[in-house]
>>> print(open('final_5.txt').read())   # compact mmCIF, N, CA and C atoms
# COMPACT_ATOMS: atom_id res chain seq x y z
N MET A 1 107.25 -187.80 2.18
CA MET A 1 106.02 -187.26 1.67
C MET A 1 106.36 -186.01 0.85
N ILE A 2 105.66 -185.83 -0.24
CA ILE A 2 105.81 -184.62 -1.05
C ILE A 2 104.66 -183.68 -0.68
N ILE A 3 105.02 -182.48 -0.25
CA ILE A 3 104.04 -181.52 0.26
C ILE A 3 104.08 -180.25 -0.58
N ALA A 4 102.95 -179.90 -1.18
CA ALA A 4 102.84 -178.64 -1.92
C ALA A 4 102.40 -177.56 -0.94
N VAL A 5 103.08 -176.41 -1.01
CA VAL A 5 102.82 -175.32 -0.08
C VAL A 5 102.54 -174.04 -0.87
N ASP A 6 101.42 -173.42 -0.57
CA ASP A 6 101.11 -172.11 -1.14
C ASP A 6 101.95 -171.07 -0.41
N PHE A 7 102.12 -169.91 -0.99
CA PHE A 7 102.93 -168.87 -0.36
C PHE A 7 102.06 -167.79 0.28
N ASP A 8 101.36 -167.00 -0.53
CA ASP A 8 100.57 -165.88 -0.03
C ASP A 8 99.36 -166.38 0.75
N GLY A 9 99.26 -165.93 1.99
CA GLY A 9 98.15 -166.34 2.84
C GLY A 9 98.42 -167.63 3.60
N THR A 10 99.51 -168.31 3.25
CA THR A 10 99.83 -169.59 3.88
C THR A 10 101.15 -169.49 4.63
N VAL A 11 102.23 -169.18 3.92
CA VAL A 11 103.53 -168.99 4.55
C VAL A 11 103.62 -167.56 5.10
N VAL A 12 103.08 -166.63 4.35
CA VAL A 12 103.05 -165.21 4.75
C VAL A 12 101.62 -164.70 4.69
N GLU A 13 101.37 -163.59 5.38
CA GLU A 13 100.06 -162.94 5.32
C GLU A 13 99.84 -162.40 3.90
N HIS A 14 98.58 -162.30 3.49
CA HIS A 14 98.26 -161.77 2.16
C HIS A 14 98.66 -160.30 2.05
N ARG A 15 99.57 -160.01 1.14
CA ARG A 15 99.96 -158.64 0.80
C ARG A 15 100.34 -158.57 -0.68
N TYR A 16 99.93 -159.59 -1.45
CA TYR A 16 100.30 -159.69 -2.85
C TYR A 16 100.04 -158.37 -3.56
N PRO A 17 100.94 -157.86 -4.35
CA PRO A 17 102.16 -158.48 -4.85
C PRO A 17 103.36 -158.34 -3.90
N GLU A 18 103.21 -157.57 -2.82
CA GLU A 18 104.31 -157.51 -1.84
C GLU A 18 104.34 -158.83 -1.07
N ILE A 19 105.38 -159.00 -0.28
CA ILE A 19 105.47 -160.17 0.59
C ILE A 19 105.05 -159.74 1.98
N GLY A 20 104.03 -160.40 2.51
CA GLY A 20 103.50 -160.06 3.82
C GLY A 20 104.39 -160.59 4.94
N GLU A 21 103.96 -160.37 6.16
CA GLU A 21 104.67 -160.87 7.33
C GLU A 21 104.51 -162.39 7.40
N GLU A 22 105.53 -163.05 7.92
CA GLU A 22 105.46 -164.50 8.08
C GLU A 22 104.32 -164.87 9.01
N ARG A 23 103.59 -165.92 8.63
CA ARG A 23 102.57 -166.47 9.53
C ARG A 23 103.30 -167.20 10.64
N LEU A 24 102.80 -167.08 11.84
CA LEU A 24 103.43 -167.63 13.02
C LEU A 24 103.79 -169.11 12.84
N PHE A 25 105.07 -169.42 12.99
CA PHE A 25 105.64 -170.78 12.95
C PHE A 25 105.65 -171.42 11.56
N ALA A 26 105.32 -170.68 10.51
CA ALA A 26 105.31 -171.28 9.16
C ALA A 26 106.71 -171.74 8.76
N ILE A 27 107.69 -170.88 8.87
CA ILE A 27 109.05 -171.23 8.44
C ILE A 27 109.61 -172.34 9.32
N ASP A 28 109.41 -172.24 10.63
CA ASP A 28 109.91 -173.29 11.54
C ASP A 28 109.31 -174.64 11.18
N THR A 29 108.04 -174.67 10.87
CA THR A 29 107.38 -175.93 10.52
C THR A 29 107.91 -176.47 9.20
N LEU A 30 108.07 -175.60 8.20
CA LEU A 30 108.60 -176.05 6.91
C LEU A 30 110.03 -176.59 7.07
N LYS A 31 110.85 -175.94 7.90
CA LYS A 31 112.21 -176.42 8.13
C LYS A 31 112.18 -177.78 8.85
N ALA A 32 111.25 -177.96 9.76
CA ALA A 32 111.11 -179.26 10.44
C ALA A 32 110.73 -180.33 9.42
N PHE A 33 109.81 -180.01 8.51
CA PHE A 33 109.44 -180.98 7.47
C PHE A 33 110.66 -181.37 6.64
N MET A 34 111.48 -180.38 6.29
CA MET A 34 112.69 -180.66 5.50
C MET A 34 113.63 -181.58 6.27
N ARG A 35 113.86 -181.29 7.55
CA ARG A 35 114.76 -182.13 8.38
C ARG A 35 114.25 -183.56 8.47
N GLU A 36 112.94 -183.73 8.44
CA GLU A 36 112.34 -185.05 8.56
C GLU A 36 112.26 -185.78 7.22
N GLY A 37 112.78 -185.16 6.15
CA GLY A 37 112.87 -185.84 4.86
C GLY A 37 111.72 -185.59 3.91
N HIS A 38 110.81 -184.71 4.25
CA HIS A 38 109.72 -184.39 3.33
C HIS A 38 110.25 -183.49 2.22
N GLN A 39 109.69 -183.62 1.03
CA GLN A 39 110.05 -182.76 -0.09
C GLN A 39 108.97 -181.68 -0.22
N LEU A 40 109.41 -180.43 -0.26
CA LEU A 40 108.48 -179.32 -0.36
C LEU A 40 108.45 -178.77 -1.77
N VAL A 41 107.25 -178.55 -2.27
CA VAL A 41 107.04 -177.94 -3.57
C VAL A 41 106.30 -176.64 -3.34
N LEU A 42 106.88 -175.52 -3.80
CA LEU A 42 106.17 -174.26 -3.71
C LEU A 42 105.18 -174.22 -4.86
N TRP A 43 103.91 -174.06 -4.54
CA TRP A 43 102.85 -174.03 -5.55
C TRP A 43 102.13 -172.71 -5.38
N SER A 44 102.46 -171.75 -6.23
CA SER A 44 102.02 -170.38 -6.04
C SER A 44 101.49 -169.79 -7.34
N VAL A 45 100.62 -168.81 -7.19
CA VAL A 45 100.13 -168.07 -8.35
C VAL A 45 101.20 -167.10 -8.84
N ARG A 46 102.19 -166.84 -8.02
CA ARG A 46 103.26 -165.92 -8.41
C ARG A 46 104.03 -166.47 -9.61
N GLU A 47 104.53 -165.54 -10.41
CA GLU A 47 105.37 -165.91 -11.55
C GLU A 47 106.44 -164.84 -11.75
N GLY A 48 107.43 -165.15 -12.55
CA GLY A 48 108.48 -164.19 -12.87
C GLY A 48 109.21 -163.69 -11.64
N LYS A 49 109.44 -162.38 -11.59
CA LYS A 49 110.19 -161.77 -10.48
C LYS A 49 109.47 -161.95 -9.15
N LEU A 50 108.15 -161.87 -9.15
CA LEU A 50 107.40 -162.04 -7.91
C LEU A 50 107.61 -163.44 -7.33
N LEU A 51 107.66 -164.43 -8.20
CA LEU A 51 107.93 -165.80 -7.76
C LEU A 51 109.37 -165.93 -7.28
N ASP A 52 110.30 -165.37 -8.03
CA ASP A 52 111.72 -165.39 -7.62
C ASP A 52 111.90 -164.74 -6.25
N ASP A 53 111.19 -163.64 -6.01
CA ASP A 53 111.28 -162.95 -4.72
C ASP A 53 110.78 -163.84 -3.59
N ALA A 54 109.68 -164.55 -3.83
CA ALA A 54 109.12 -165.44 -2.80
C ALA A 54 110.08 -166.60 -2.50
N VAL A 55 110.66 -167.19 -3.55
CA VAL A 55 111.61 -168.29 -3.37
C VAL A 55 112.83 -167.79 -2.60
N GLU A 56 113.33 -166.62 -2.95
CA GLU A 56 114.49 -166.05 -2.27
C GLU A 56 114.17 -165.71 -0.81
N TRP A 57 112.98 -165.19 -0.55
CA TRP A 57 112.54 -164.87 0.81
C TRP A 57 112.60 -166.14 1.67
N CYS A 58 112.10 -167.23 1.12
CA CYS A 58 112.11 -168.51 1.86
C CYS A 58 113.55 -169.02 2.02
N ARG A 59 114.34 -168.93 0.96
CA ARG A 59 115.73 -169.41 1.00
C ARG A 59 116.52 -168.67 2.08
N GLN A 60 116.33 -167.37 2.19
CA GLN A 60 117.03 -166.58 3.21
C GLN A 60 116.67 -167.02 4.62
N ARG A 61 115.54 -167.68 4.77
CA ARG A 61 115.09 -168.14 6.08
C ARG A 61 115.33 -169.64 6.27
N GLY A 62 116.03 -170.25 5.31
CA GLY A 62 116.41 -171.65 5.45
C GLY A 62 115.49 -172.67 4.82
N VAL A 63 114.52 -172.22 4.03
CA VAL A 63 113.61 -173.15 3.38
C VAL A 63 113.97 -173.26 1.90
N GLU A 64 114.37 -174.46 1.50
CA GLU A 64 114.70 -174.75 0.10
C GLU A 64 113.62 -175.68 -0.46
N PHE A 65 113.10 -175.35 -1.60
CA PHE A 65 112.05 -176.16 -2.21
C PHE A 65 112.63 -177.18 -3.16
N TYR A 66 112.05 -178.37 -3.15
CA TYR A 66 112.41 -179.43 -4.08
C TYR A 66 112.08 -178.98 -5.50
N ALA A 67 110.94 -178.34 -5.66
CA ALA A 67 110.51 -177.82 -6.96
C ALA A 67 109.64 -176.60 -6.73
N VAL A 68 109.52 -175.77 -7.77
CA VAL A 68 108.71 -174.56 -7.70
C VAL A 68 107.75 -174.55 -8.88
N ASN A 69 106.46 -174.60 -8.56
CA ASN A 69 105.39 -174.63 -9.56
C ASN A 69 105.57 -175.77 -10.57
N LYS A 70 106.15 -176.87 -10.12
CA LYS A 70 106.36 -178.07 -10.94
C LYS A 70 106.31 -179.28 -10.01
N ASP A 71 106.16 -180.46 -10.62
CA ASP A 71 106.22 -181.69 -9.84
C ASP A 71 107.64 -182.03 -9.41
N PHE A 72 108.60 -181.73 -10.26
CA PHE A 72 110.00 -182.02 -9.96
C PHE A 72 110.87 -180.99 -10.68
N PRO A 73 112.08 -180.76 -10.19
CA PRO A 73 112.90 -179.65 -10.72
C PRO A 73 113.16 -179.70 -12.22
N GLU A 74 113.32 -180.90 -12.77
CA GLU A 74 113.68 -181.02 -14.20
C GLU A 74 112.48 -180.99 -15.12
N GLU A 75 111.29 -180.89 -14.58
CA GLU A 75 110.08 -180.94 -15.41
C GLU A 75 110.10 -179.80 -16.42
N ASP A 76 109.80 -180.13 -17.68
CA ASP A 76 109.73 -179.14 -18.74
C ASP A 76 108.26 -178.84 -18.98
N THR A 77 107.85 -177.64 -18.63
CA THR A 77 106.45 -177.27 -18.82
C THR A 77 106.17 -176.82 -20.25
N GLY A 78 107.20 -176.86 -21.07
CA GLY A 78 107.02 -176.48 -22.47
C GLY A 78 106.87 -174.99 -22.63
N LYS A 79 106.31 -174.62 -23.76
CA LYS A 79 106.16 -173.19 -24.06
C LYS A 79 105.06 -172.55 -23.23
N ASN A 80 104.12 -173.35 -22.76
CA ASN A 80 103.01 -172.81 -22.01
C ASN A 80 103.20 -173.05 -20.52
N GLU A 81 103.78 -172.08 -19.81
CA GLU A 81 104.01 -172.22 -18.38
C GLU A 81 102.75 -171.95 -17.56
N HIS A 82 101.68 -171.54 -18.20
CA HIS A 82 100.49 -171.14 -17.48
C HIS A 82 99.38 -172.19 -17.55
N TYR A 83 99.70 -173.39 -18.00
CA TYR A 83 98.64 -174.39 -18.11
C TYR A 83 98.26 -174.89 -16.73
N ALA A 84 96.98 -175.19 -16.59
CA ALA A 84 96.48 -175.67 -15.30
C ALA A 84 96.53 -177.20 -15.28
N ARG A 85 97.02 -177.73 -14.18
CA ARG A 85 97.06 -179.18 -14.02
C ARG A 85 97.19 -179.48 -12.55
N LYS A 86 97.05 -180.73 -12.22
CA LYS A 86 97.22 -181.14 -10.83
C LYS A 86 98.65 -181.54 -10.58
N LEU A 87 99.13 -181.20 -9.42
CA LEU A 87 100.45 -181.68 -9.00
C LEU A 87 100.30 -183.10 -8.47
N ARG A 88 101.36 -183.87 -8.61
CA ARG A 88 101.38 -185.22 -8.03
C ARG A 88 102.10 -185.12 -6.69
N VAL A 89 101.35 -184.70 -5.69
CA VAL A 89 101.90 -184.56 -4.34
C VAL A 89 101.00 -185.33 -3.38
N ASP A 90 101.51 -185.52 -2.17
CA ASP A 90 100.74 -186.24 -1.16
C ASP A 90 99.81 -185.33 -0.38
N LEU A 91 100.16 -184.04 -0.31
CA LEU A 91 99.43 -183.12 0.55
C LEU A 91 99.58 -181.69 0.05
N PHE A 92 98.52 -180.92 0.13
CA PHE A 92 98.56 -179.49 -0.17
C PHE A 92 98.33 -178.72 1.13
N ILE A 93 99.16 -177.70 1.36
CA ILE A 93 98.94 -176.78 2.48
C ILE A 93 98.63 -175.43 1.85
N ASP A 94 97.38 -174.98 2.02
CA ASP A 94 96.91 -173.79 1.33
C ASP A 94 95.85 -173.11 2.19
N ASP A 95 95.88 -171.79 2.23
CA ASP A 95 94.89 -171.05 3.02
C ASP A 95 93.49 -171.16 2.44
N ARG A 96 93.36 -171.68 1.23
CA ARG A 96 92.05 -171.80 0.59
C ARG A 96 91.43 -173.18 0.84
N ASN A 97 91.97 -173.93 1.81
CA ASN A 97 91.39 -175.22 2.16
C ASN A 97 89.96 -175.03 2.65
N VAL A 98 89.16 -176.06 2.48
CA VAL A 98 87.84 -176.04 3.08
C VAL A 98 88.06 -175.99 4.59
N GLY A 99 87.47 -175.05 5.23
CA GLY A 99 87.67 -174.91 6.67
C GLY A 99 88.79 -173.95 7.01
N GLY A 100 89.48 -173.42 6.01
CA GLY A 100 90.55 -172.46 6.26
C GLY A 100 91.87 -173.13 6.57
N LEU A 101 92.84 -172.33 6.94
CA LEU A 101 94.18 -172.82 7.23
C LEU A 101 94.33 -173.03 8.73
N PRO A 102 94.58 -174.28 9.14
CA PRO A 102 94.84 -174.49 10.58
C PRO A 102 96.13 -173.78 10.97
N ASP A 103 96.36 -173.62 12.27
CA ASP A 103 97.63 -173.05 12.70
C ASP A 103 98.74 -174.04 12.34
N TRP A 104 99.97 -173.54 12.24
CA TRP A 104 101.08 -174.37 11.77
C TRP A 104 101.42 -175.51 12.74
N GLY A 105 101.12 -175.35 14.03
CA GLY A 105 101.31 -176.44 14.98
C GLY A 105 100.37 -177.60 14.66
N THR A 106 99.14 -177.29 14.33
CA THR A 106 98.17 -178.31 13.95
C THR A 106 98.57 -178.96 12.63
N ILE A 107 99.06 -178.15 11.68
CA ILE A 107 99.51 -178.70 10.40
C ILE A 107 100.64 -179.70 10.64
N TYR A 108 101.60 -179.33 11.48
CA TYR A 108 102.72 -180.23 11.79
C TYR A 108 102.20 -181.54 12.37
N ARG A 109 101.30 -181.43 13.29
CA ARG A 109 100.74 -182.63 13.92
C ARG A 109 99.99 -183.49 12.89
N MET A 110 99.22 -182.85 12.01
CA MET A 110 98.47 -183.60 11.00
C MET A 110 99.41 -184.39 10.09
N VAL A 111 100.53 -183.79 9.73
CA VAL A 111 101.48 -184.46 8.84
C VAL A 111 102.19 -185.60 9.58
N ASN A 112 102.72 -185.32 10.76
CA ASN A 112 103.53 -186.32 11.45
C ASN A 112 102.75 -187.42 12.12
N GLU A 113 101.55 -187.12 12.57
CA GLU A 113 100.75 -188.13 13.24
C GLU A 113 99.65 -188.69 12.34
N ARG A 114 99.61 -188.20 11.11
CA ARG A 114 98.59 -188.62 10.14
C ARG A 114 97.18 -188.39 10.69
N VAL A 115 97.02 -187.25 11.35
CA VAL A 115 95.73 -186.86 11.91
C VAL A 115 94.98 -186.10 10.83
N THR A 116 93.72 -186.40 10.66
CA THR A 116 92.93 -185.70 9.63
C THR A 116 92.31 -184.44 10.21
N TRP A 117 91.88 -183.55 9.32
CA TRP A 117 91.21 -182.33 9.73
C TRP A 117 89.95 -182.68 10.52
N LYS A 118 89.26 -183.73 10.08
CA LYS A 118 88.05 -184.18 10.79
C LYS A 118 88.40 -184.59 12.22
N ASP A 119 89.53 -185.30 12.40
CA ASP A 119 89.96 -185.69 13.74
C ASP A 119 90.21 -184.47 14.61
N VAL A 120 90.89 -183.47 14.05
CA VAL A 120 91.20 -182.25 14.79
C VAL A 120 89.92 -181.56 15.23
N ILE A 121 88.96 -181.42 14.33
CA ILE A 121 87.69 -180.76 14.65
C ILE A 121 86.96 -181.54 15.74
N ASN A 122 86.91 -182.87 15.60
CA ASN A 122 86.22 -183.68 16.61
C ASN A 122 86.89 -183.56 17.98
N GLU A 123 88.22 -183.47 18.00
CA GLU A 123 88.93 -183.29 19.27
C GLU A 123 88.55 -181.95 19.91
N LYS A 124 88.48 -180.92 19.08
CA LYS A 124 88.12 -179.60 19.61
C LYS A 124 86.69 -179.60 20.16
N ILE A 125 85.80 -180.31 19.49
CA ILE A 125 84.42 -180.41 19.98
C ILE A 125 84.40 -181.15 21.32
N ARG A 126 85.14 -182.26 21.41
CA ARG A 126 85.18 -183.01 22.67
C ARG A 126 85.77 -182.16 23.79
N GLU A 127 86.84 -181.43 23.50
CA GLU A 127 87.45 -180.56 24.51
C GLU A 127 86.46 -179.51 24.98
N ALA A 128 85.72 -178.93 24.06
CA ALA A 128 84.75 -177.89 24.43
C ALA A 128 83.64 -178.47 25.31
N GLN A 129 83.26 -179.70 25.05
CA GLN A 129 82.20 -180.33 25.85
C GLN A 129 82.69 -180.70 27.24
N GLU A 130 84.00 -180.91 27.39
CA GLU A 130 84.55 -181.31 28.69
C GLU A 130 84.83 -180.12 29.60
N ILE A 131 84.82 -178.92 29.06
CA ILE A 131 85.09 -177.74 29.88
C ILE A 131 83.85 -177.46 30.72
N PRO A 132 84.00 -177.55 32.03
CA PRO A 132 82.81 -177.30 32.86
C PRO A 132 82.43 -175.82 32.81
N ASP A 133 81.15 -175.58 32.98
CA ASP A 133 80.69 -174.20 33.05
C ASP A 133 81.30 -173.54 34.27
N LYS A 134 81.38 -172.23 34.23
CA LYS A 134 81.88 -171.49 35.39
C LYS A 134 81.00 -171.82 36.58
N PRO A 135 81.64 -172.12 37.69
CA PRO A 135 80.79 -172.38 38.87
C PRO A 135 80.06 -171.11 39.26
N GLN A 136 78.81 -171.26 39.53
CA GLN A 136 77.99 -170.13 39.94
C GLN A 136 78.24 -169.84 41.41
N ALA A 137 78.28 -168.60 41.74
CA ALA A 137 78.42 -168.22 43.15
C ALA A 137 77.17 -168.72 43.88
N ALA A 138 77.39 -169.25 45.06
CA ALA A 138 76.26 -169.76 45.84
C ALA A 138 75.31 -168.60 46.15
N LYS A 139 74.06 -168.87 45.89
CA LYS A 139 73.07 -167.83 46.17
C LYS A 139 72.83 -167.76 47.67
N ARG A 140 72.77 -166.55 48.15
CA ARG A 140 72.51 -166.36 49.57
C ARG A 140 71.02 -166.48 49.86
N LYS A 141 70.77 -167.06 50.95
CA LYS A 141 69.37 -167.13 51.39
C LYS A 141 68.97 -165.73 51.86
N TRP A 142 67.70 -165.48 51.87
CA TRP A 142 67.24 -164.13 52.20
C TRP A 142 67.68 -163.71 53.58
N TRP A 143 67.81 -164.65 54.51
CA TRP A 143 68.18 -164.29 55.87
C TRP A 143 69.67 -164.03 56.03
N GLN A 144 70.50 -164.40 55.03
CA GLN A 144 71.93 -164.18 55.14
C GLN A 144 72.31 -162.74 54.80
N TRP A 145 71.38 -161.97 54.34
CA TRP A 145 71.65 -160.59 54.00
C TRP A 145 71.61 -159.68 55.23
N PHE A 146 71.08 -160.19 56.31
CA PHE A 146 70.96 -159.35 57.51
C PHE A 146 71.97 -159.68 58.53
>>> encode(input="final_5.txt", output="C-alpha cells")
Amino acid sequence: MIIAVDFDGTVVEHRYPEIGEERLFAIDTLKAFMREGHQLVLWSVREGKLLDDAVEWCRQRGVEFYAVNKDFPEEDTGKNEHYARKLRVDLFIDDRNVGGLPDWGTIYRMVNERVTWKDVINEKIREAQEIPDKPQAAKRKWWQWF
C-alpha cells in the first residue's frame, strides 16, 4: 500500500516552522509500515530547507520515504513545484482528517486490519454502552441508622 503522511500535527506536534515533539508512537508505527512493505510518501506543506529538515528528522529516527511531495522519486514536477494536485496513493494520514487524527495504534490497526474509521467509532460506541454504571451503594433503611 502507498501511504501519504503529513508531518506537522501528524508525525510531530504543531510547532511550524520549528519541528515539534514526536506524537506518541508515530515513528514506531511508520517503521512498522515500512517493515511490512508499505511505501511512505511524505506529503507536507513544508518546502526548501524546512522540508529537508523534516525529512532528515525522520531519517535520523529510521523512517525513509519512498517519495517526498511527489507520487514517486523520479517524478518531474517541472518548473512549478507549487502546483496543487492529488497524489495517487491508497491512504492519507493527516491531522486534518474529518474527525481528527486517531492515535497511532488505531491508525496501525486501520491499515493492517482494513478497519474503517466508521468501524472504530461504532466499536467505541458499543464499548461505552457495555460499561455498566457504577453500582450504587445500597440505601440504608431508616431503622438501620440506629
>>> residues_near_point(input="final_5.txt", point="(86.4, -180.2, 7.8)", cutoff="8 Å", atoms="only N, CA and C atoms", output="ChimeraX atom specification")
/A:98-100,116-119,121
>>> atom_distance(input="final_5.txt", atom1="atom N of A:Trp43", atom2="atom N of A:Val55")
9.7 Å
>>> atom_distance(input="final_5.txt", atom1="atom N of A:Ile93", atom2="atom N of A:Trp57")
18.7 Å
>>> atom_distance(input="final_5.txt", atom1="atom C of A:Glu22", atom2="atom CA of A:Lys86")
26.6 Å
>>> closest_residue(input="final_5.txt", among="A:Ile27, A:Phe33, A:Arg109, A:Arg88", to="A:Arg61", atoms="only N, CA and C atoms")
A:Ile27
>>> residues_near_point(input="final_5.txt", point="(101.1, -174.8, 12.6)", cutoff="7 Å", atoms="all atoms listed in the file", output="MDAnalysis selection string")
chainID A and resid 24:26 29 102:109
>>> residues_around(input="final_5.txt", residues="A:Tyr66", least_positions_apart="6", cutoff="6 Å", atoms="only C-alpha atoms", output="mmCIF file with N, CA and C atoms, in the coordinates of the input")
data_model
loop_
_atom_site.group_PDB
_atom_site.id
_atom_site.type_symbol
_atom_site.label_atom_id
_atom_site.label_comp_id
_atom_site.auth_asym_id
_atom_site.auth_seq_id
_atom_site.Cartn_x
_atom_site.Cartn_y
_atom_site.Cartn_z
ATOM 1 N N GLN A 39 109.690 -183.620 1.030
ATOM 2 C CA GLN A 39 110.050 -182.760 -0.090
ATOM 3 C C GLN A 39 108.970 -181.680 -0.220
ATOM 4 N N LEU A 40 109.410 -180.430 -0.260
ATOM 5 C CA LEU A 40 108.480 -179.320 -0.360
ATOM 6 C C LEU A 40 108.450 -178.770 -1.770
ATOM 7 N N VAL A 41 107.250 -178.550 -2.270
ATOM 8 C CA VAL A 41 107.040 -177.940 -3.570
ATOM 9 C C VAL A 41 106.300 -176.640 -3.340
#
>>> closest_residue(input="final_5.txt", among="A:Glu56, A:Glu64, A:Asp95, A:Glu130", to="A:Ala32", atoms="only C-alpha atoms")
A:Glu64
>>> select_by_dssp(input="final_5.txt", residues="stretch 5-81 of chain A", states="helix (DSSP H, G or I)", output="JSON, numbers by chain")
{"A": [26, 27, 28, 29, 30, 31, 32, 33, 34, 35, 48, 49, 50, 51, 52, 53, 54, 55, 56, 57, 58, 59, 60]}
